[in-house]
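**Q** Structure in structure tokens, see below.
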Amino acid sequence: MNAIITIYKSITFNKHAMLLICSGLLLFSSCEEWLDVSPSSEIKEEDLFSNEQGYKDALYGVYQKISENTLYGENLTLGFLDVLAQQYDIRAGGHIFFEAGLYQYDDIDVETRIDAIWSNMYTSIAQINFILKDIDANKGVFGSEVTYSVVKGEALALRALLHFDLVRMFGQSPVTSDGTPAIPYMEAFTVDNGDRLNVSGILTTCEIDLLASETLLSEYQEMDEIRNPAGELGGIDNFLAFRQNRMNYWAAKALLARLYLYMDNKESALGYAVEVIESGHFRFMTQAELNETGEFNDRTFSYEHVFSINAVDLRSTSDNYFRISANTNAELSGKLIVAEDKVDNIFEVSSGYSSDPRYNKLWQYSQSVLMHAKFWQDDNMSNLITNLIPVLRLSEMYYIAAESEPNTETAVAYLNEVRKARLIPELPTDIDASVLEDEIFKEYRKEFMSEGQLFYYYKRKNAQNIIDSQVNPITNKEYVFPLPLREIEFGNN
């Protein structure tokens, strides 16, 4: 189906449904806005979910929503979150992210950006809950047990992903949490706003959703090649193709590894990370692939994606932030630039690590200014490797394993697998735990540039200092996003 349905704009509402949408789902756009649809686009709920395709289209709509610039298409990856992690040089007073870089969350532009994250995350969660509302009762519309399990499993995994990232932004770090209510965990399509749970409560509920998702998604564990334009896969329809762009079975396990590490349950984190590593479905890029140009210039290392989103506006977003036209001076306030000496420091060029493809492949000059080229889109690039923004990577599983493994020698071996793939020297296996921790941190700075994960790393560690920050020490004032005023006014507790 060419047109992906966004649920709330495609349903004929009765009075009760209108109340659910307008007052029950933490949506901050007006009710009139949702209801302003043409008759030709109206689909009744019972018609939408009267067949398997309706559920598939509704789920596609969630993926489309979270790939928008307000969420994983920009703010939660290459933009806002990496500004907070001080990955870019935004110290000039006129820079569009200047106030954000100072954690001035009460600035009107920063506040608007944070409110947009909150409202669009909960809009997406509401759409997920709408899918889940009657899915068990409607199980008979699915042509197979596999498709039913995949739709429900993906929906639950997505709900956990979004709540987990919300609590990583709007909740305290687990190591500093004092039980203060953080965010609501919305598990139903309901008129109730829901009580805000504390950090521990949110993380536990994420775990419940992910474990249920893991069981459901175990019905289909296969992963097709991301470049395989697969029509029919073993007689299964295209819904099961391109699993790396969906919350697949292995992505649920990878997210559990990330979640357990955040909860400081290192034994479980290690177990899930190793399962993904040993699955055989993901691999590091080869030297030949790293040398590719033109059609197969795979800058995001797509074979390593456990889960990535397809951001249709990525080229314009990337060009807006990471390319400079001839009119350089007038554009610098809107660009996400990293000074060359900072790039050299991050990638340890003085130590002889310039062979690292994250350095020599992903940094290029645009109008004599060094720019991050990870998301550059060229006209001759294959459609199968464009528009991809990684959310879960194979390399992160190695980092989690290295951090969680109690035996230092074995832990170093996990980290060395990534270093070998990145063409930099292996570490000696007899380093002590503090050196290993520092080396893992260095990897997070390199690997997740423009992917939004470094801020969460600092927060999980409750780091008092963020490198290059003008604000020190860093406390919960900087780590915890303020709730939107409307949530404070109308939300529970």
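Ligands are numbered from 1 in the order shown, chains are lettered A, B, ... in the order of the structure tokens, and residues start at 1 in each chain.
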Would you kindly return, as a list in words, each protein, DNA or RNA residue with an atom no farther than 10 Å from any atom of Trp118 of chain A, considering only C-alpha atoms and excluding same-chain residues fewer than 5 positions away?
**A**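 Contacts, in chain order: Leu26, Leu27, Phe28, Thr70, Leu71, Thr112, Arg113, Thr123, Leu166, Met169, Phe170, Phe481, Leu483, Pro484 and Glu487 of chain A.
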**Q** Limited to C-alpha atoms, could you put the picked residues into a file as a PDB file, in the first residue's frame?
**A**
ATOM      1  CA  LEU A  26      -1.435  13.493  25.977  1.00  0.00           C
ATOM      2  CA  LEU A  27      -1.682  14.930  22.470  1.00  0.00           C
ATOM      3  CA  PHE A  28      -0.979  18.622  22.277  1.00  0.00           C
ATOM      4  CA  THR A  70      10.878  15.666  15.773  1.00  0.00           C
ATOM      5  CA  LEU A  71      11.980  12.167  16.835  1.00  0.00           C
ATOM      6  CA  THR A 112       9.420  23.976  21.999  1.00  0.00           C
ATOM      7  CA  ARG A 113      11.801  21.251  20.828  1.00  0.00           C
ATOM      8  CA  THR A 123       1.264  10.303  19.846  1.00  0.00           C
ATOM      9  CA  LEU A 166      11.343   9.013  27.261  1.00  0.00           C
ATOM     10  CA  MET A 169      15.260  12.005  28.840  1.00  0.00           C
ATOM     11  CA  PHE A 170      12.585  12.991  31.367  1.00  0.00           C
ATOM     12  CA  PHE A 481      14.285  17.363  30.727  1.00  0.00           C
ATOM     13  CA  LEU A 483       7.978  18.109  31.754  1.00  0.00           C
ATOM     14  CA  PRO A 484       5.814  20.120  29.381  1.00  0.00           C
ATOM     15  CA  GLU A 487       1.540  17.637  31.447  1.00  0.00           C
TER      16      GLU A 487
END
**Q** Residues within 6 Å of segment 342-359 of chain A, please, as a list of chain:residue names. Count only C-alpha atoms; anything in the same chain fewer than 2 positions from it doesn't count.
**A**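 Counting only the stated atoms, we get A:Ala339, A:Glu340, A:Lys361, A:Leu362, A:Trp363, A:Arg422, A:Leu423, A:Ile424.
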**Q** Select from segment 154-255 of chain A every residue with an atom at most 10 Å from any atom of segment 261-277 of chain A, then for each give the shortest pair of atoms and their distance in Å to one decimal, using only C-alpha atoms, rows by chain and rising number, as a tab-separated table.
**A**
residue	atom	partner	partner_atom	distance
A:Phe164	CA	A:Tyr262	CA	9.8
A:Arg168	CA	A:Tyr262	CA	9.2
A:Ser173	CA	A:Tyr262	CA	8.8
A:Pro174	CA	A:Met263	CA	6.8
A:Val175	CA	A:Met263	CA	8.9
A:Val199	CA	A:Met263	CA	9.7
A:Ser200	CA	A:Met263	CA	8.1
A:Leu203	CA	A:Met263	CA	7.4
A:Thr204	CA	A:Met263	CA	8.9
A:Tyr249	CA	A:Val276	CA	9.7
A:Trp250	CA	A:Val276	CA	6.2
A:Ala251	CA	A:Val276	CA	8.3
A:Ala252	CA	A:Tyr272	CA	9.5
A:Lys253	CA	A:Tyr272	CA	5.8
A:Ala254	CA	A:Ala273	CA	6.1
A:Leu255	CA	A:Tyr272	CA	8.7
**Q** Using only C-alpha atoms, which residue out of A:Asn360, A:Ile131, A:Gly143, A:Asp107 lies closest to Asn291 of chain A?
**A**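 The shortest atom-to-atom distance to Asn291 of chain A comes from A:Asn360.
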**Q** Can you pull out every residue within 6 Å of segment 50-56 of chain A, counting only C-alpha atoms, but drop anything in the same chain fewer than 3 positions away, and send it as JSON, numbers by chain?
**A** {"A": [46, 47, 59, 141, 142]}
**Q** So that I can check the secondary structure, give me every residue of segment 112-358 of chain A assigned strand (DSSP E) by backbone DSSP, as a PyMOL selection string.
**A** chain A and resi 183-184+196-197+305-310
**Q** Enumerate the residues of segment 251-435 of chain A with a DSSP assignment of helix (DSSP H, G or I), computed from the backbone, and present them as a compact mmCIF listing (two decimals) with N, CA, C and O atoms, in the first residue's frame.
**A**
# COMPACT_ATOMS: atom_id res chain seq x y z
N ALA A 251 16.34 -7.29 17.45
CA ALA A 251 16.30 -5.92 17.97
C ALA A 251 15.68 -5.89 19.36
O ALA A 251 16.11 -5.11 20.23
N ALA A 252 14.66 -6.72 19.58
CA ALA A 252 14.07 -6.80 20.93
C ALA A 252 15.12 -7.29 21.93
O ALA A 252 15.22 -6.76 23.05
N LYS A 253 15.92 -8.27 21.53
CA LYS A 253 16.98 -8.75 22.42
C LYS A 253 18.05 -7.68 22.63
O LYS A 253 18.55 -7.50 23.76
N ALA A 254 18.41 -6.97 21.57
CA ALA A 254 19.42 -5.91 21.70
C ALA A 254 18.92 -4.81 22.62
O ALA A 254 19.68 -4.26 23.42
N LEU A 255 17.64 -4.46 22.50
CA LEU A 255 17.08 -3.43 23.37
C LEU A 255 17.03 -3.92 24.82
O LEU A 255 17.24 -3.14 25.76
N LEU A 256 16.76 -5.20 25.02
CA LEU A 256 16.82 -5.75 26.38
C LEU A 256 18.23 -5.64 26.94
O LEU A 256 18.41 -5.31 28.13
N ALA A 257 19.25 -5.89 26.11
CA ALA A 257 20.63 -5.74 26.58
C ALA A 257 20.90 -4.30 27.01
O ALA A 257 21.49 -4.04 28.07
N ARG A 258 20.44 -3.34 26.19
CA ARG A 258 20.62 -1.92 26.52
C ARG A 258 19.85 -1.56 27.80
O ARG A 258 20.36 -0.83 28.66
N LEU A 259 18.63 -2.05 27.90
CA LEU A 259 17.79 -1.77 29.07
C LEU A 259 18.41 -2.33 30.34
O LEU A 259 18.50 -1.65 31.37
N TYR A 260 18.85 -3.60 30.29
CA TYR A 260 19.43 -4.21 31.49
C TYR A 260 20.71 -3.51 31.92
O TYR A 260 20.99 -3.39 33.12
N LEU A 261 21.51 -3.05 30.97
CA LEU A 261 22.70 -2.30 31.36
C LEU A 261 22.31 -1.01 32.06
O LEU A 261 22.92 -0.62 33.06
N TYR A 262 21.27 -0.33 31.56
CA TYR A 262 20.79 0.90 32.19
C TYR A 262 20.27 0.62 33.60
O TYR A 262 20.38 1.46 34.48
N LYS A 266 23.91 -6.40 34.99
CA LYS A 266 24.93 -6.71 34.00
C LYS A 266 24.90 -8.16 33.55
O LYS A 266 25.25 -8.47 32.41
N GLU A 267 24.48 -9.05 34.40
CA GLU A 267 24.41 -10.45 34.01
C GLU A 267 23.41 -10.64 32.86
O GLU A 267 23.72 -11.31 31.86
N SER A 268 22.23 -10.03 32.99
CA SER A 268 21.23 -10.15 31.92
C SER A 268 21.66 -9.37 30.68
O SER A 268 21.43 -9.81 29.55
N ALA A 269 22.26 -8.20 30.90
CA ALA A 269 22.75 -7.40 29.76
C ALA A 269 23.75 -8.20 28.94
O ALA A 269 23.69 -8.23 27.70
N LEU A 270 24.68 -8.85 29.62
CA LEU A 270 25.69 -9.66 28.94
C LEU A 270 25.04 -10.80 28.17
O LEU A 270 25.38 -11.05 27.00
N GLY A 271 24.10 -11.48 28.79
CA GLY A 271 23.46 -12.62 28.14
C GLY A 271 22.77 -12.24 26.85
O GLY A 271 22.94 -12.92 25.82
N TYR A 272 22.01 -11.14 26.86
CA TYR A 272 21.30 -10.72 25.66
C TYR A 272 22.26 -10.18 24.60
O TYR A 272 22.07 -10.42 23.40
N ALA A 273 23.27 -9.43 25.02
CA ALA A 273 24.23 -8.90 24.06
C ALA A 273 24.93 -10.04 23.32
O ALA A 273 25.10 -10.00 22.09
N VAL A 274 25.33 -11.06 24.06
CA VAL A 274 26.02 -12.20 23.44
C VAL A 274 25.09 -12.95 22.49
O VAL A 274 25.53 -13.42 21.43
N GLU A 275 23.81 -13.07 22.85
CA GLU A 275 22.87 -13.73 21.94
C GLU A 275 22.83 -13.02 20.58
O GLU A 275 22.81 -13.67 19.53
N VAL A 276 22.80 -11.70 20.60
CA VAL A 276 22.76 -10.95 19.34
C VAL A 276 24.07 -11.13 18.59
O VAL A 276 24.09 -11.36 17.37
N ILE A 277 25.19 -11.03 19.30
CA ILE A 277 26.50 -11.19 18.68
C ILE A 277 26.62 -12.55 18.00
O ILE A 277 27.12 -12.66 16.87
N GLN A 287 36.74 -4.77 4.59
CA GLN A 287 37.62 -3.73 4.06
C GLN A 287 37.16 -3.31 2.67
O GLN A 287 37.15 -2.11 2.34
N ALA A 288 36.78 -4.26 1.85
CA ALA A 288 36.33 -3.94 0.49
C ALA A 288 35.07 -3.06 0.52
O ALA A 288 34.94 -2.11 -0.26
N GLU A 289 34.15 -3.38 1.42
CA GLU A 289 32.93 -2.59 1.53
C GLU A 289 33.21 -1.18 2.04
O GLU A 289 32.60 -0.21 1.60
N LEU A 290 34.17 -1.07 2.94
CA LEU A 290 34.52 0.25 3.46
C LEU A 290 35.15 1.12 2.38
O LEU A 290 35.05 2.35 2.43
N GLY A 294 30.47 5.63 -4.70
CA GLY A 294 29.37 5.62 -5.66
C GLY A 294 28.14 4.94 -5.10
O GLY A 294 27.72 5.20 -3.98
N GLU A 295 27.57 4.02 -5.86
CA GLU A 295 26.29 3.42 -5.52
C GLU A 295 26.31 2.73 -4.16
O GLU A 295 25.32 2.74 -3.43
N PHE A 296 27.43 2.12 -3.81
CA PHE A 296 27.50 1.35 -2.58
C PHE A 296 28.37 2.02 -1.51
O PHE A 296 29.03 1.36 -0.72
N SER A 302 25.59 -0.39 7.04
CA SER A 302 24.25 -0.94 7.20
C SER A 302 24.21 -2.42 7.58
O SER A 302 23.25 -2.87 8.20
N TYR A 303 25.24 -3.19 7.24
CA TYR A 303 25.23 -4.60 7.63
C TYR A 303 25.31 -4.77 9.15
O TYR A 303 25.02 -5.84 9.66
N GLU A 304 25.69 -3.72 9.85
CA GLU A 304 25.83 -3.77 11.30
C GLU A 304 24.57 -3.32 12.02
O GLU A 304 24.50 -3.40 13.25
N LEU A 314 15.98 12.44 5.25
CA LEU A 314 17.35 12.47 5.76
C LEU A 314 18.28 13.30 4.88
O LEU A 314 19.14 14.00 5.40
N ARG A 315 18.12 13.24 3.58
CA ARG A 315 19.03 14.00 2.73
C ARG A 315 18.93 15.50 3.02
O ARG A 315 19.95 16.17 3.19
N SER A 316 17.72 16.03 3.07
CA SER A 316 17.58 17.46 3.33
C SER A 316 18.04 17.81 4.73
O SER A 316 18.66 18.86 4.95
N THR A 317 17.76 16.94 5.70
CA THR A 317 18.21 17.18 7.08
C THR A 317 19.73 17.17 7.15
O THR A 317 20.34 18.06 7.77
N SER A 318 20.34 16.19 6.52
CA SER A 318 21.79 16.08 6.53
C SER A 318 22.44 17.26 5.81
O SER A 318 23.42 17.85 6.31
N ASP A 319 21.91 17.62 4.65
CA ASP A 319 22.46 18.77 3.93
C ASP A 319 22.31 20.04 4.75
O ASP A 319 23.20 20.91 4.75
N ASN A 320 21.21 20.16 5.45
CA ASN A 320 20.96 21.36 6.25
C ASN A 320 21.99 21.53 7.35
O ASN A 320 22.45 22.64 7.63
N TYR A 321 22.40 20.41 7.97
CA TYR A 321 23.32 20.48 9.10
C TYR A 321 24.79 20.22 8.73
O TYR A 321 25.69 20.74 9.39
N PHE A 322 25.02 19.42 7.69
CA PHE A 322 26.36 18.89 7.47
C PHE A 322 26.96 19.21 6.09
O PHE A 322 27.97 18.61 5.72
N THR A 328 29.41 30.55 2.81
CA THR A 328 29.77 29.88 4.06
C THR A 328 29.42 30.68 5.31
O THR A 328 28.75 30.19 6.21
N ASN A 329 29.86 31.91 5.40
CA ASN A 329 29.74 32.66 6.64
C ASN A 329 28.30 32.82 7.10
O ASN A 329 28.00 32.81 8.29
N ALA A 330 27.40 32.97 6.15
CA ALA A 330 26.01 33.18 6.51
C ALA A 330 25.35 31.89 7.00
O ALA A 330 24.29 31.94 7.60
N GLU A 331 26.00 30.75 6.78
CA GLU A 331 25.36 29.48 7.10
C GLU A 331 25.88 28.84 8.38
O GLU A 331 25.25 27.93 8.90
N LEU A 332 26.99 29.26 8.89
CA LEU A 332 27.64 28.54 9.98
C LEU A 332 26.76 28.45 11.23
O LEU A 332 26.86 27.48 11.98
N SER A 333 25.89 29.42 11.46
CA SER A 333 25.06 29.40 12.66
C SER A 333 24.01 28.30 12.61
O SER A 333 23.40 27.98 13.63
N GLY A 334 23.81 27.71 11.44
CA GLY A 334 22.84 26.63 11.32
C GLY A 334 23.47 25.28 11.06
O GLY A 334 22.76 24.30 10.83
N GLU A 340 38.42 20.72 13.63
CA GLU A 340 39.30 19.64 13.19
C GLU A 340 40.14 19.08 14.34
O GLU A 340 40.37 17.87 14.40
N ASP A 341 40.60 19.93 15.23
CA ASP A 341 41.43 19.40 16.32
C ASP A 341 40.59 18.53 17.26
O ASP A 341 41.09 17.57 17.85
N LYS A 342 39.31 18.87 17.40
CA LYS A 342 38.44 18.03 18.23
C LYS A 342 38.21 16.68 17.57
O LYS A 342 38.24 15.63 18.24
N VAL A 343 38.00 16.67 16.26
CA VAL A 343 37.85 15.42 15.53
C VAL A 343 39.09 14.56 15.69
O VAL A 343 39.02 13.35 15.98
N ASP A 344 40.25 15.17 15.52
CA ASP A 344 41.51 14.44 15.66
C ASP A 344 41.66 13.87 17.07
O ASP A 344 42.19 12.76 17.26
N ASN A 345 41.20 14.64 18.07
CA ASN A 345 41.29 14.17 19.45
C ASN A 345 40.36 12.99 19.70
O ASN A 345 40.75 11.99 20.30
N ILE A 346 39.11 13.10 19.23
CA ILE A 346 38.14 12.02 19.43
C ILE A 346 38.65 10.72 18.82
O ILE A 346 38.55 9.64 19.43
N VAL A 349 44.02 10.54 16.50
CA VAL A 349 44.88 10.56 15.31
C VAL A 349 46.35 10.62 15.71
O VAL A 349 47.21 9.99 15.06
N SER A 350 46.67 11.33 16.78
CA SER A 350 48.06 11.44 17.21
C SER A 350 48.63 10.11 17.68
O SER A 350 49.84 9.94 17.76
N SER A 351 47.74 9.15 18.00
CA SER A 351 48.19 7.81 18.41
C SER A 351 48.30 6.87 17.22
O SER A 351 48.52 5.67 17.39
N PRO A 357 37.99 3.81 9.85
CA PRO A 357 37.05 4.29 8.82
C PRO A 357 36.02 5.27 9.36
O PRO A 357 35.45 6.05 8.59
N ARG A 358 35.79 5.26 10.66
CA ARG A 358 34.88 6.26 11.24
C ARG A 358 35.49 7.65 11.16
O ARG A 358 34.78 8.65 11.28
N TYR A 359 36.82 7.70 10.96
CA TYR A 359 37.52 8.96 10.80
C TYR A 359 37.76 9.27 9.32
O TYR A 359 37.33 10.30 8.80
N ASN A 360 38.40 8.34 8.62
CA ASN A 360 38.83 8.69 7.25
C ASN A 360 37.73 8.52 6.20
O ASN A 360 37.87 9.00 5.09
N LEU A 394 25.26 -3.52 16.04
CA LEU A 394 26.03 -4.67 16.49
C LEU A 394 27.16 -4.24 17.42
O LEU A 394 27.42 -4.88 18.45
N SER A 395 27.84 -3.15 17.10
CA SER A 395 28.97 -2.69 17.91
C SER A 395 28.55 -2.42 19.35
O SER A 395 29.30 -2.70 20.30
N GLU A 396 27.33 -1.89 19.54
CA GLU A 396 26.87 -1.61 20.91
C GLU A 396 26.77 -2.89 21.72
O GLU A 396 27.01 -2.89 22.93
N MET A 397 26.41 -3.99 21.07
CA MET A 397 26.33 -5.27 21.78
C MET A 397 27.71 -5.68 22.30
O MET A 397 27.84 -6.21 23.41
N TYR A 398 28.75 -5.42 21.50
CA TYR A 398 30.10 -5.70 21.97
C TYR A 398 30.49 -4.79 23.13
O TYR A 398 31.15 -5.22 24.08
N TYR A 399 30.10 -3.52 23.06
CA TYR A 399 30.40 -2.60 24.16
C TYR A 399 29.68 -3.03 25.44
O TYR A 399 30.25 -2.97 26.54
N ILE A 400 28.42 -3.42 25.30
CA ILE A 400 27.66 -3.87 26.47
C ILE A 400 28.30 -5.13 27.04
O ILE A 400 28.45 -5.27 28.27
N ALA A 401 28.69 -6.05 26.17
CA ALA A 401 29.35 -7.27 26.64
C ALA A 401 30.66 -6.94 27.35
O ALA A 401 30.97 -7.51 28.41
N ALA A 402 31.43 -6.03 26.78
CA ALA A 402 32.71 -5.65 27.40
C ALA A 402 32.50 -5.02 28.76
O ALA A 402 33.28 -5.26 29.69
N GLU A 403 31.47 -4.21 28.89
CA GLU A 403 31.21 -3.53 30.17
C GLU A 403 30.61 -4.47 31.20
O GLU A 403 30.78 -4.27 32.41
N SER A 404 29.91 -5.50 30.75
CA SER A 404 29.17 -6.37 31.66
C SER A 404 29.93 -7.64 32.05
O SER A 404 29.62 -8.25 33.07
N THR A 408 38.02 -9.52 33.09
CA THR A 408 38.57 -8.41 32.32
C THR A 408 39.18 -8.87 31.00
O THR A 408 39.02 -8.22 29.96
N GLU A 409 39.86 -9.99 31.00
CA GLU A 409 40.49 -10.47 29.78
C GLU A 409 39.44 -10.77 28.71
O GLU A 409 39.61 -10.42 27.53
N THR A 410 38.37 -11.40 29.11
CA THR A 410 37.28 -11.70 28.18
C THR A 410 36.60 -10.41 27.72
O THR A 410 36.25 -10.26 26.54
N ALA A 411 36.44 -9.48 28.65
CA ALA A 411 35.82 -8.19 28.33
C ALA A 411 36.64 -7.45 27.28
O ALA A 411 36.08 -6.89 26.32
N VAL A 412 37.95 -7.44 27.45
CA VAL A 412 38.83 -6.78 26.48
C VAL A 412 38.69 -7.44 25.11
O VAL A 412 38.71 -6.77 24.07
N ALA A 413 38.53 -8.75 25.10
CA ALA A 413 38.39 -9.47 23.84
C ALA A 413 37.15 -9.00 23.08
O ALA A 413 37.18 -8.88 21.84
N TYR A 414 36.06 -8.74 23.80
CA TYR A 414 34.86 -8.21 23.14
C TYR A 414 35.15 -6.84 22.52
O TYR A 414 34.78 -6.57 21.37
N LEU A 415 35.80 -5.98 23.27
CA LEU A 415 36.10 -4.64 22.75
C LEU A 415 37.06 -4.71 21.58
O LEU A 415 36.92 -3.95 20.60
N ASN A 416 37.99 -5.63 21.62
CA ASN A 416 38.96 -5.76 20.53
C ASN A 416 38.31 -6.19 19.22
O ASN A 416 38.83 -5.90 18.13
N GLU A 417 37.18 -6.89 19.29
CA GLU A 417 36.49 -7.26 18.06
C GLU A 417 36.04 -6.02 17.29
O GLU A 417 36.11 -5.98 16.06
N VAL A 418 35.58 -5.02 18.00
CA VAL A 418 35.19 -3.78 17.34
C VAL A 418 36.42 -3.04 16.85
O VAL A 418 36.44 -2.52 15.72
N ARG A 419 37.46 -3.00 17.65
CA ARG A 419 38.67 -2.28 17.25
C ARG A 419 39.28 -2.91 15.99
O ARG A 419 39.74 -2.19 15.10
N LYS A 420 39.27 -4.23 15.90
CA LYS A 420 39.76 -4.88 14.68
C LYS A 420 38.92 -4.48 13.47
O LYS A 420 39.46 -4.21 12.39
N ALA A 421 37.61 -4.44 13.66
CA ALA A 421 36.72 -4.06 12.56
C ALA A 421 36.92 -2.61 12.16
O ALA A 421 36.69 -2.24 11.00
N ALA A 433 40.57 -2.67 35.02
CA ALA A 433 39.17 -2.35 34.76
C ALA A 433 38.94 -0.87 34.46
O ALA A 433 38.10 -0.52 33.63
N SER A 434 39.68 0.02 35.12
CA SER A 434 39.49 1.46 34.91
C SER A 434 39.93 1.88 33.52
O SER A 434 39.29 2.73 32.88
N VAL A 435 41.01 1.27 33.02
CA VAL A 435 41.47 1.56 31.66
C VAL A 435 40.44 1.05 30.65
O VAL A 435 40.12 1.72 29.66
**Q** Of the residues A:Ala311, A:Ala463, A:Val151, A:Met285, which is the one nearest to Asp57 of chain A, using only C-alpha atoms?
**A**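 That would be A:Val151, the residue with the smallest distance to Asp57 of chain A.
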**Q** A:Glu187, A:Arg246, A:Ser149, A:Phe282: which is nearest Leu216 of chain A, counting only C-alpha atoms?
**A**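 Under the stated criterion, the closest residue is A:Ser149.
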**Q** Pick out the closest residue to Lys65 of chain A from this set: A:Leu102, A:Ile128, A:Ile466, A:Ile385. Count only C-alpha atoms.
**A**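 Of A:Leu102, A:Ile128, A:Ile466, A:Ile385, the one nearest Lys65 of chain A is A:Ile128, counting only C-alpha atoms.
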**Q** Would you mind reading off the distance between atom CA of Pro428 of chain A and atom CA of Lys459 of chain A, one decimal, in Å?
**A**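 Atom-to-atom, atom CA of Pro428 of chain A to atom CA of Lys459 of chain A, that is 28.5 Å.
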**Q** Work out how far atom CA of Met371 of chain A is from atom CA of Arg299 of chain A, in Å to one decimal.
**A**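 So the two atoms, atom CA of Arg299 of chain A and atom CA of Met371 of chain A, lie 13.5 Å apart.
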